[in-house]
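A.B. asks: Input: one structure, supplied below.
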Amino acid sequence: MLQIEIKDEILFVKLNRPEKRNAINDELILEIERVFSNIPATVKCAIIHAEGKHFSAGLDLSELSERNIVKGLQHSRMWHRALEKVQFGSVPVVAVIHGACVGGGLEIAAACHIRVAEESAFYALPEGQRGIFVGGGASVRLPKLIGVSRMTDIMLTGRVISANEGERIGLTQYLVEDGKGLEKGIELAKKIAQNAEMTNYALMHVLPRIADSGQSEGLLMESMMATIASTSPEAQRRMKDFLDGKAKKVTEM
Ligand code: 1HE
C-alpha cells in the first residue's frame, strides 16, 4: 500500500491504495512509521504523494467500529508515533497534495514540513460530522498552521476548504496547476537537499521546540543553536565561499 522509491537524494513515499481513496488502515500507518524510522543515510529529503484521484480519504472507517476504549487510545497513539517519525525524523518531508486531503489524510500532510497543493486539492475534517474527534495529531499541528478558530469552524460546520483558500490561510505553502505538484515537490526537495545538514536539523527539531516554549527559553535555545550552527565547518565554508564570490547571491537562490 506504500510505494517506496529513492532517486538521487530524494525518498518518494507514495500512498498507493487508490481503490479506497488512500484510506489509512492500521497496516498503512504502521508502514509509514517503518519507512520514516529507517531512512537511509544517503537520503536528504522525502516527498509524500499519492496515487489516484485523491491524496487521502483519511482514516479507514471500516476499521473503526470494532474498537473498545483502550484499543481506541492505542490506535490514536499509534498514529501519533508514526507521524512523530515523519515530523521529527532524519530529513525534511514535502507533502504533494491533490484531490481529497481529509481527516487523517490532512493529519499526515500537517506532519510534513512543506505542503504543495494542486488546484484539485480540498480539505476537510469530517470527524465532526462522523461523531468522532481528530486522533492523528491535528488538534496540535493544525492550529499552528491555521489557528484554533479556523479549525473549530471547519469541524463544527463540516466546511470544505478549497485549494485556493487552503493556500490563503496557510494550510499549504505552494499552489500549482493540476498535474504539476510532484514537479514542484521535487524542485523544493532538491533545494532542501543542498542545505547544510545542521540547518535542516535545526529547522526540523529545534524551531518547533522553540515555538512551543516561552520567550526566554526560546531565545536561549536560539542562541545555542545559532552558535552551534555558525561554528560548524560547513557553515564556515559556505560563508567563506560567499565572501570569495563563489556562492549565489540571495537574488539568485
Ligand atoms: C473509504 C473511505 C474511508 C472512501 N474509509 N473506505 N474520512 C471520511 O469521512 C471521508 C470519507 N470519504 C469520502 O468522503 C469520499 O470517499 C471522498 C471524497 C474521499 C472520495 O469520493 P469518491 O467519490 O472519489 O470515492 P467513493 O466512491 O466515496 O469511495 C471509493 C471507495 O473507497 C468506496 O469503497 P467501495 O468498496 O464501495 O468501492 C468507499 O467506501 C471507500 N472509501 N473513503 C474506508 N475513509 C487518526 S483519526 C482520523 C480520523 C479520520 O480520518 S475521520 C475521516 C474519515
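Ligands are numbered from 1 in the order shown, chains are lettered A, B, ... in the order of the C-alpha cells, and residues start at 1 in each chain.
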Within 12 Å of Asp8 of chain A, counting only C-alpha atoms, which residues qualify if same-chain residues fewer than 3 places away don't, as a list in words?
C.D. replies: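 Neighbouring residues, sequence-local ones excluded: Glu5, Leu11, Phe12, Pro40, Ala41, Thr42, Val43, Lys44, Cys45, Ala46, Ile186, Ala189, Lys190 and Ala193 of chain A.
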A.B. asks: May I have the residues from that selection written out with N, CA and C atoms, as a PDB file, in the first residue's frame?
C.D. replies:
ATOM      1  N   GLU A   5      10.401   4.668  -3.321  1.00  0.00           N
ATOM      2  CA  GLU A   5      11.437   4.757  -4.344  1.00  0.00           C
ATOM      3  C   GLU A   5      12.464   5.786  -3.898  1.00  0.00           C
ATOM      4  N   LEU A  11      13.708  10.571  -1.216  1.00  0.00           N
ATOM      5  CA  LEU A  11      12.878   9.393  -0.952  1.00  0.00           C
ATOM      6  C   LEU A  11      11.438   9.728  -1.329  1.00  0.00           C
ATOM      7  N   PHE A  12      10.862   8.927  -2.224  1.00  0.00           N
ATOM      8  CA  PHE A  12       9.466   9.123  -2.637  1.00  0.00           C
ATOM      9  C   PHE A  12       8.605   8.094  -1.918  1.00  0.00           C
ATOM     10  N   PRO A  40      17.423   5.736   4.808  1.00  0.00           N
ATOM     11  CA  PRO A  40      18.856   5.537   4.567  1.00  0.00           C
ATOM     12  C   PRO A  40      19.626   6.860   4.659  1.00  0.00           C
ATOM     13  N   ALA A  41      20.890   6.761   5.093  1.00  0.00           N
ATOM     14  CA  ALA A  41      21.697   7.968   5.325  1.00  0.00           C
ATOM     15  C   ALA A  41      21.936   8.774   4.056  1.00  0.00           C
ATOM     16  N   THR A  42      21.794   8.147   2.890  1.00  0.00           N
ATOM     17  CA  THR A  42      22.037   8.871   1.635  1.00  0.00           C
ATOM     18  C   THR A  42      20.878   9.808   1.281  1.00  0.00           C
ATOM     19  N   VAL A  43      19.733   9.602   1.921  1.00  0.00           N
ATOM     20  CA  VAL A  43      18.546  10.412   1.606  1.00  0.00           C
ATOM     21  C   VAL A  43      18.622  11.751   2.342  1.00  0.00           C
ATOM     22  N   LYS A  44      18.294  12.827   1.593  1.00  0.00           N
ATOM     23  CA  LYS A  44      18.377  14.170   2.204  1.00  0.00           C
ATOM     24  C   LYS A  44      17.007  14.837   2.330  1.00  0.00           C
ATOM     25  N   CYS A  45      16.011  14.319   1.619  1.00  0.00           N
ATOM     26  CA  CYS A  45      14.671  14.899   1.698  1.00  0.00           C
ATOM     27  C   CYS A  45      13.671  13.835   1.250  1.00  0.00           C
ATOM     28  N   ALA A  46      12.448  13.914   1.785  1.00  0.00           N
ATOM     29  CA  ALA A  46      11.420  12.943   1.375  1.00  0.00           C
ATOM     30  C   ALA A  46      10.207  13.681   0.824  1.00  0.00           C
ATOM     31  N   ILE A 186       9.582  18.077  -6.202  1.00  0.00           N
ATOM     32  CA  ILE A 186      10.968  17.668  -6.483  1.00  0.00           C
ATOM     33  C   ILE A 186      11.882  18.895  -6.519  1.00  0.00           C
ATOM     34  N   ALA A 189      12.475  19.762  -2.983  1.00  0.00           N
ATOM     35  CA  ALA A 189      13.302  18.751  -2.309  1.00  0.00           C
ATOM     36  C   ALA A 189      14.766  18.892  -2.706  1.00  0.00           C
ATOM     37  N   LYS A 190      15.009  19.220  -3.976  1.00  0.00           N
ATOM     38  CA  LYS A 190      16.401  19.381  -4.429  1.00  0.00           C
ATOM     39  C   LYS A 190      17.070  20.552  -3.720  1.00  0.00           C
ATOM     40  N   ALA A 193      17.777  19.523  -0.137  1.00  0.00           N
ATOM     41  CA  ALA A 193      18.888  18.564  -0.072  1.00  0.00           C
ATOM     42  C   ALA A 193      20.248  19.263  -0.128  1.00  0.00           C
TER      43      ALA A 193
END
A.B. asks: With only C-alpha atoms and all ligand atoms counted, collect every polymer residue having an atom within 7 Å of ligand 1; state the result as a VMD selection string.
C.D. replies: chain A and resid 19 to 21 23 53 to 54 56 to 62 76 79 100 102 to 105 125 to 127 130 133 to 136
A.B. asks: Check the smallest atom-to-atom distance from each of A:Met198, A:Cys101, A:Gly137, A:Val94 to Gln173 of chain A using only C-alpha atoms, then report the winner.
C.D. replies: A:Val94
A.B. asks: From the options A:Gly131, A:Gly72, A:Gly52, A:Pro92, which residue's atoms come nearest to Leu203 of chain A, counting only C-alpha atoms?
C.D. replies: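 Of A:Gly131, A:Gly72, A:Gly52, A:Pro92, the one nearest Leu203 of chain A is A:Pro92, counting only C-alpha atoms.
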A.B. asks: To one decimal place, how far is atom CA of Leu73 of chain A from atom CA of Leu28 of chain A in Å?
C.D. replies: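 Value for the atom CA of Leu73 of chain A-atom CA of Leu28 of chain A distance: 17.9 Å.
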A.B. asks: At a cut-off of 10 Å, using only C-alpha atoms, what residues contact Ile4 of chain A? Leave out same-chain residues fewer than 3 positions from it and give the result as a PDB file with all heavy atoms, in the first residue's frame.
C.D. replies:
ATOM      1  N   MET A   1       0.809  -1.224   0.000  1.00  0.00           N
ATOM      2  CA  MET A   1       0.000   0.000   0.000  1.00  0.00           C
ATOM      3  C   MET A   1       0.840   1.270   0.000  1.00  0.00           C
ATOM      4  O   MET A   1       0.350   2.338  -0.292  1.00  0.00           O
ATOM      5  CB  MET A   1      -0.922  -0.002   1.209  1.00  0.00           C
ATOM      6  CG  MET A   1      -2.171  -0.833   0.965  1.00  0.00           C
ATOM      7  SD  MET A   1      -3.341  -0.700   2.287  1.00  0.00           S
ATOM      8  CE  MET A   1      -2.540  -1.660   3.544  1.00  0.00           C
ATOM      9  N   LEU A  11      13.708  10.571  -1.216  1.00  0.00           N
ATOM     10  CA  LEU A  11      12.878   9.393  -0.952  1.00  0.00           C
ATOM     11  C   LEU A  11      11.438   9.728  -1.329  1.00  0.00           C
ATOM     12  O   LEU A  11      10.866  10.703  -0.833  1.00  0.00           O
ATOM     13  CB  LEU A  11      12.953   9.061   0.547  1.00  0.00           C
ATOM     14  CG  LEU A  11      11.962   8.032   1.088  1.00  0.00           C
ATOM     15  CD1 LEU A  11      12.297   6.632   0.589  1.00  0.00           C
ATOM     16  CD2 LEU A  11      11.950   8.051   2.615  1.00  0.00           C
ATOM     17  N   PHE A  12      10.862   8.927  -2.224  1.00  0.00           N
ATOM     18  CA  PHE A  12       9.466   9.123  -2.637  1.00  0.00           C
ATOM     19  C   PHE A  12       8.605   8.094  -1.918  1.00  0.00           C
ATOM     20  O   PHE A  12       8.851   6.891  -2.049  1.00  0.00           O
ATOM     21  CB  PHE A  12       9.315   8.948  -4.150  1.00  0.00           C
ATOM     22  CG  PHE A  12      10.020  10.003  -4.948  1.00  0.00           C
ATOM     23  CD1 PHE A  12      11.375   9.890  -5.232  1.00  0.00           C
ATOM     24  CD2 PHE A  12       9.333  11.111  -5.410  1.00  0.00           C
ATOM     25  CE1 PHE A  12      12.034  10.875  -5.968  1.00  0.00           C
ATOM     26  CE2 PHE A  12       9.977  12.101  -6.147  1.00  0.00           C
ATOM     27  CZ  PHE A  12      11.335  11.979  -6.420  1.00  0.00           C
ATOM     28  N   VAL A  13       7.642   8.575  -1.170  1.00  0.00           N
ATOM     29  CA  VAL A  13       6.731   7.685  -0.448  1.00  0.00           C
ATOM     30  C   VAL A  13       5.335   7.940  -1.017  1.00  0.00           C
ATOM     31  O   VAL A  13       4.768   9.026  -0.846  1.00  0.00           O
ATOM     32  CB  VAL A  13       6.757   7.995   1.066  1.00  0.00           C
ATOM     33  CG1 VAL A  13       5.791   7.085   1.815  1.00  0.00           C
ATOM     34  CG2 VAL A  13       8.168   7.845   1.622  1.00  0.00           C
ATOM     35  N   LYS A  14       4.807   6.917  -1.715  1.00  0.00           N
ATOM     36  CA  LYS A  14       3.523   7.133  -2.387  1.00  0.00           C
ATOM     37  C   LYS A  14       2.429   6.308  -1.711  1.00  0.00           C
ATOM     38  O   LYS A  14       2.561   5.074  -1.592  1.00  0.00           O
ATOM     39  CB  LYS A  14       3.653   6.721  -3.852  1.00  0.00           C
ATOM     40  CG  LYS A  14       2.489   7.131  -4.710  1.00  0.00           C
ATOM     41  CD  LYS A  14       2.660   6.531  -6.088  1.00  0.00           C
ATOM     42  CE  LYS A  14       2.272   7.521  -7.165  1.00  0.00           C
ATOM     43  NZ  LYS A  14       2.422   6.947  -8.496  1.00  0.00           N
ATOM     44  N   LEU A  15       1.370   6.982  -1.277  1.00  0.00           N
ATOM     45  CA  LEU A  15       0.191   6.270  -0.781  1.00  0.00           C
ATOM     46  C   LEU A  15      -0.422   5.579  -1.992  1.00  0.00           C
ATOM     47  O   LEU A  15      -0.738   6.250  -2.984  1.00  0.00           O
ATOM     48  CB  LEU A  15      -0.815   7.237  -0.150  1.00  0.00           C
ATOM     49  CG  LEU A  15      -0.274   8.180   0.944  1.00  0.00           C
ATOM     50  CD1 LEU A  15      -1.353   9.167   1.396  1.00  0.00           C
ATOM     51  CD2 LEU A  15       0.248   7.387   2.134  1.00  0.00           C
ATOM     52  N   ASN A  16      -0.585   4.272  -1.903  1.00  0.00           N
ATOM     53  CA  ASN A  16      -0.976   3.557  -3.119  1.00  0.00           C
ATOM     54  C   ASN A  16      -2.124   2.577  -2.834  1.00  0.00           C
ATOM     55  O   ASN A  16      -1.962   1.358  -2.907  1.00  0.00           O
ATOM     56  CB  ASN A  16       0.263   2.827  -3.670  1.00  0.00           C
ATOM     57  CG  ASN A  16       0.041   2.301  -5.068  1.00  0.00           C
ATOM     58  OD1 ASN A  16      -0.919   2.706  -5.741  1.00  0.00           O
ATOM     59  ND2 ASN A  16       0.891   1.403  -5.500  1.00  0.00           N
ATOM     60  N   VAL A  35       8.812   3.160   7.476  1.00  0.00           N
ATOM     61  CA  VAL A  35       9.623   3.834   6.450  1.00  0.00           C
ATOM     62  C   VAL A  35      10.336   5.050   7.037  1.00  0.00           C
ATOM     63  O   VAL A  35      11.541   5.241   6.832  1.00  0.00           O
ATOM     64  CB  VAL A  35       8.739   4.264   5.255  1.00  0.00           C
ATOM     65  CG1 VAL A  35       9.478   5.220   4.333  1.00  0.00           C
ATOM     66  CG2 VAL A  35       8.278   3.043   4.483  1.00  0.00           C
ATOM     67  N   ILE A  48       6.023  12.930   0.245  1.00  0.00           N
ATOM     68  CA  ILE A  48       4.856  12.046   0.352  1.00  0.00           C
ATOM     69  C   ILE A  48       3.852  12.504  -0.702  1.00  0.00           C
ATOM     70  O   ILE A  48       3.470  13.684  -0.736  1.00  0.00           O
ATOM     71  CB  ILE A  48       4.186  12.117   1.748  1.00  0.00           C
ATOM     72  CG1 ILE A  48       5.174  11.692   2.844  1.00  0.00           C
ATOM     73  CG2 ILE A  48       2.943  11.230   1.791  1.00  0.00           C
ATOM     74  CD1 ILE A  48       4.567  11.607   4.244  1.00  0.00           C
TER      75      ILE A  48
END
A.B. asks: Please, what distance in Å, to one decimal, runs between atom CA of Glu107 of chain A and atom CA of Ser139 of chain A?
C.D. replies: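 So the two atoms, atom CA of Glu107 of chain A and atom CA of Ser139 of chain A, lie 9.1 Å apart.
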A.B. asks: Within segment 36-178 of chain A, find each residue whose DSSP state, derived from the backbone, is helix (DSSP H, G or I), and express the selection as a VMD selection string.
C.D. replies: chain A and resid 36 to 37 61 to 63 69 to 87 104 to 111 127 to 130 138 to 146 148 to 157 163 to 168
A.B. asks: Can you list every residue in segment 35-178 of chain A that DSSP puts in strand (DSSP E), as a short mmCIF file (atom, residue, chain, number, x, y, z; two decimals) with all heavy atoms, in the first residue's frame?
C.D. replies:
data_model
loop_
_atom_site.label_atom_id
_atom_site.label_comp_id
_atom_site.auth_asym_id
_atom_site.auth_seq_id
_atom_site.Cartn_x
_atom_site.Cartn_y
_atom_site.Cartn_z
N CYS A 45 16.01 14.32 1.62
CA CYS A 45 14.67 14.90 1.70
C CYS A 45 13.67 13.83 1.25
O CYS A 45 14.02 12.94 0.48
CB CYS A 45 14.58 16.12 0.78
SG CYS A 45 13.03 17.04 0.99
N ALA A 46 12.45 13.91 1.79
CA ALA A 46 11.42 12.94 1.37
C ALA A 46 10.21 13.68 0.82
O ALA A 46 9.96 14.85 1.16
CB ALA A 46 11.01 12.08 2.57
N ILE A 47 9.48 12.98 -0.03
CA ILE A 47 8.23 13.52 -0.58
C ILE A 47 7.15 12.49 -0.33
O ILE A 47 7.32 11.31 -0.64
CB ILE A 47 8.38 13.76 -2.11
CG1 ILE A 47 9.40 14.87 -2.37
CG2 ILE A 47 7.02 14.12 -2.74
CD1 ILE A 47 9.65 15.16 -3.85
N ILE A 48 6.02 12.93 0.24
CA ILE A 48 4.86 12.05 0.35
C ILE A 48 3.85 12.50 -0.70
O ILE A 48 3.47 13.68 -0.74
CB ILE A 48 4.19 12.12 1.75
CG1 ILE A 48 5.17 11.69 2.84
CG2 ILE A 48 2.94 11.23 1.79
CD1 ILE A 48 4.57 11.61 4.24
N HIS A 49 3.45 11.59 -1.57
CA HIS A 49 2.44 11.91 -2.57
C HIS A 49 1.50 10.72 -2.70
O HIS A 49 1.60 9.77 -1.91
CB HIS A 49 3.09 12.33 -3.90
CG HIS A 49 3.95 11.29 -4.54
ND1 HIS A 49 3.87 10.97 -5.85
CD2 HIS A 49 4.91 10.47 -4.03
CE1 HIS A 49 4.74 10.04 -6.15
NE2 HIS A 49 5.39 9.71 -5.06
N ALA A 50 0.59 10.77 -3.66
CA ALA A 50 -0.45 9.74 -3.63
C ALA A 50 -0.91 9.35 -5.02
O ALA A 50 -0.94 10.17 -5.94
CB ALA A 50 -1.64 10.23 -2.81
N VAL A 93 10.32 16.70 5.05
CA VAL A 93 9.34 15.98 4.22
C VAL A 93 8.42 16.99 3.54
O VAL A 93 7.88 17.89 4.19
CB VAL A 93 8.49 15.01 5.08
CG1 VAL A 93 7.59 14.17 4.18
CG2 VAL A 93 9.38 14.11 5.94
N VAL A 94 8.26 16.81 2.23
CA VAL A 94 7.35 17.67 1.45
C VAL A 94 6.11 16.85 1.12
O VAL A 94 6.23 15.73 0.60
CB VAL A 94 8.04 18.12 0.14
CG1 VAL A 94 7.09 18.98 -0.70
CG2 VAL A 94 9.34 18.87 0.43
N ALA A 95 4.93 17.37 1.41
CA ALA A 95 3.69 16.69 1.00
C ALA A 95 3.23 17.29 -0.32
O ALA A 95 3.23 18.52 -0.48
CB ALA A 95 2.61 16.88 2.05
N VAL A 96 2.86 16.44 -1.26
CA VAL A 96 2.29 16.90 -2.54
C VAL A 96 0.85 16.41 -2.57
O VAL A 96 0.59 15.21 -2.62
CB VAL A 96 3.10 16.35 -3.74
CG1 VAL A 96 2.41 16.73 -5.04
CG2 VAL A 96 4.53 16.89 -3.71
N ILE A 97 -0.07 17.37 -2.52
CA ILE A 97 -1.48 17.04 -2.27
C ILE A 97 -2.33 17.30 -3.52
O ILE A 97 -2.16 18.33 -4.18
CB ILE A 97 -2.01 17.94 -1.12
CG1 ILE A 97 -1.13 17.79 0.12
CG2 ILE A 97 -3.47 17.62 -0.80
CD1 ILE A 97 -1.34 18.90 1.15
N ALA A 100 -8.95 14.93 -2.56
CA ALA A 100 -9.32 14.97 -1.13
C ALA A 100 -8.10 14.79 -0.25
O ALA A 100 -7.30 13.89 -0.46
CB ALA A 100 -10.33 13.85 -0.85
N CYS A 101 -7.99 15.68 0.73
CA CYS A 101 -6.96 15.54 1.76
C CYS A 101 -7.71 15.80 3.06
O CYS A 101 -7.79 16.93 3.54
CB CYS A 101 -5.85 16.57 1.52
SG CYS A 101 -4.58 16.55 2.79
N VAL A 102 -8.34 14.75 3.56
CA VAL A 102 -9.33 14.96 4.64
C VAL A 102 -9.02 14.07 5.85
O VAL A 102 -8.36 13.03 5.72
CB VAL A 102 -10.77 14.70 4.13
CG1 VAL A 102 -11.08 15.59 2.92
CG2 VAL A 102 -11.02 13.25 3.76
N ILE A 114 6.68 20.97 4.49
CA ILE A 114 6.18 21.89 3.47
C ILE A 114 5.03 21.19 2.75
O ILE A 114 5.10 19.98 2.51
CB ILE A 114 7.29 22.24 2.43
CG1 ILE A 114 8.45 22.97 3.11
CG2 ILE A 114 6.71 23.09 1.30
CD1 ILE A 114 9.55 23.40 2.15
N ARG A 115 3.98 21.93 2.42
CA ARG A 115 2.85 21.35 1.69
C ARG A 115 2.69 22.06 0.35
O ARG A 115 2.58 23.29 0.31
CB ARG A 115 1.55 21.48 2.52
CG ARG A 115 1.41 20.45 3.65
CD ARG A 115 0.59 20.96 4.79
NE ARG A 115 1.28 22.05 5.45
CZ ARG A 115 2.25 21.87 6.36
NH1 ARG A 115 2.57 20.67 6.75
NH2 ARG A 115 2.88 22.91 6.88
N VAL A 116 2.69 21.24 -0.71
CA VAL A 116 2.41 21.73 -2.06
C VAL A 116 1.03 21.19 -2.43
O VAL A 116 0.77 20.01 -2.26
CB VAL A 116 3.44 21.16 -3.07
CG1 VAL A 116 3.07 21.54 -4.49
CG2 VAL A 116 4.85 21.59 -2.72
N ALA A 117 0.16 22.06 -2.94
CA ALA A 117 -1.17 21.59 -3.34
C ALA A 117 -1.38 21.82 -4.82
O ALA A 117 -0.94 22.83 -5.38
CB ALA A 117 -2.24 22.34 -2.56
N GLU A 118 -2.05 20.87 -5.46
CA GLU A 118 -2.54 21.09 -6.82
C GLU A 118 -3.93 21.73 -6.71
O GLU A 118 -4.60 21.62 -5.67
CB GLU A 118 -2.61 19.76 -7.58
CG GLU A 118 -1.23 19.17 -7.79
CD GLU A 118 -1.21 17.97 -8.74
OE1 GLU A 118 -2.30 17.50 -9.16
OE2 GLU A 118 -0.10 17.51 -9.06
N PHE A 122 -8.65 19.60 -1.95
CA PHE A 122 -9.61 20.18 -0.99
C PHE A 122 -9.43 19.50 0.35
O PHE A 122 -8.92 18.37 0.44
CB PHE A 122 -11.06 20.09 -1.51
CG PHE A 122 -11.57 18.69 -1.75
CD1 PHE A 122 -12.25 17.99 -0.78
CD2 PHE A 122 -11.38 18.08 -2.99
CE1 PHE A 122 -12.74 16.70 -1.01
CE2 PHE A 122 -11.86 16.80 -3.24
CZ PHE A 122 -12.54 16.11 -2.24
N TYR A 123 -9.84 20.24 1.39
CA TYR A 123 -9.53 19.82 2.76
C TYR A 123 -10.79 19.83 3.61
O TYR A 123 -11.64 20.71 3.46
CB TYR A 123 -8.50 20.76 3.40
CG TYR A 123 -7.38 21.13 2.45
CD1 TYR A 123 -7.44 22.30 1.69
CD2 TYR A 123 -6.30 20.28 2.26
CE1 TYR A 123 -6.44 22.62 0.79
CE2 TYR A 123 -5.30 20.58 1.36
CZ TYR A 123 -5.36 21.76 0.63
OH TYR A 123 -4.38 22.07 -0.27
N ALA A 124 -10.88 18.88 4.53
CA ALA A 124 -12.00 18.87 5.48
C ALA A 124 -11.60 18.01 6.67
O ALA A 124 -10.66 17.20 6.58
CB ALA A 124 -13.25 18.31 4.81
N ILE A 161 -12.64 23.16 2.52
CA ILE A 161 -11.73 24.26 2.16
C ILE A 161 -11.16 23.96 0.78
O ILE A 161 -10.65 22.86 0.54
CB ILE A 161 -10.55 24.32 3.17
CG1 ILE A 161 -11.05 24.41 4.62
CG2 ILE A 161 -9.56 25.43 2.84
CD1 ILE A 161 -11.53 25.75 5.03
N SER A 162 -11.23 24.93 -0.11
CA SER A 162 -10.69 24.73 -1.47
C SER A 162 -9.18 24.88 -1.45
O SER A 162 -8.59 25.38 -0.48
CB SER A 162 -11.29 25.78 -2.41
OG SER A 162 -10.78 27.06 -2.04
N TYR A 174 2.45 26.22 -1.24
CA TYR A 174 2.54 26.38 -2.70
C TYR A 174 1.28 25.83 -3.34
O TYR A 174 0.78 24.79 -2.92
CB TYR A 174 3.76 25.63 -3.26
CG TYR A 174 5.07 26.13 -2.70
CD1 TYR A 174 5.59 25.58 -1.53
CD2 TYR A 174 5.78 27.15 -3.32
CE1 TYR A 174 6.79 26.05 -0.98
CE2 TYR A 174 6.97 27.62 -2.79
CZ TYR A 174 7.47 27.07 -1.62
OH TYR A 174 8.65 27.53 -1.10
N LEU A 175 0.79 26.54 -4.35
CA LEU A 175 -0.38 26.09 -5.10
C LEU A 175 0.01 26.04 -6.57
O LEU A 175 0.50 27.03 -7.12
CB LEU A 175 -1.52 27.09 -4.88
CG LEU A 175 -2.84 26.80 -5.57
CD1 LEU A 175 -3.39 25.44 -5.17
CD2 LEU A 175 -3.86 27.89 -5.21
N VAL A 176 -0.18 24.88 -7.17
CA VAL A 176 0.25 24.72 -8.58
C VAL A 176 -0.88 24.09 -9.39
O VAL A 176 -1.84 23.54 -8.83
CB VAL A 176 1.53 23.84 -8.69
CG1 VAL A 176 2.70 24.48 -7.98
CG2 VAL A 176 1.29 22.43 -8.14
#
A.B. asks: Neighbouring residues of segment 235-251 of chain A were defined as those with any atom within 12 Å, considering only C-alpha atoms; residues of the same chain fewer than 6 positions away were excluded. Please report them as a ChimeraX atom specification.
C.D. replies: /A:194-199,226-229
A.B. asks: What separation in Å, quoted to one decimal, exists between atom CA of Gln74 of chain A and atom CA of Val148 of chain A?
C.D. replies: 25.4 Å
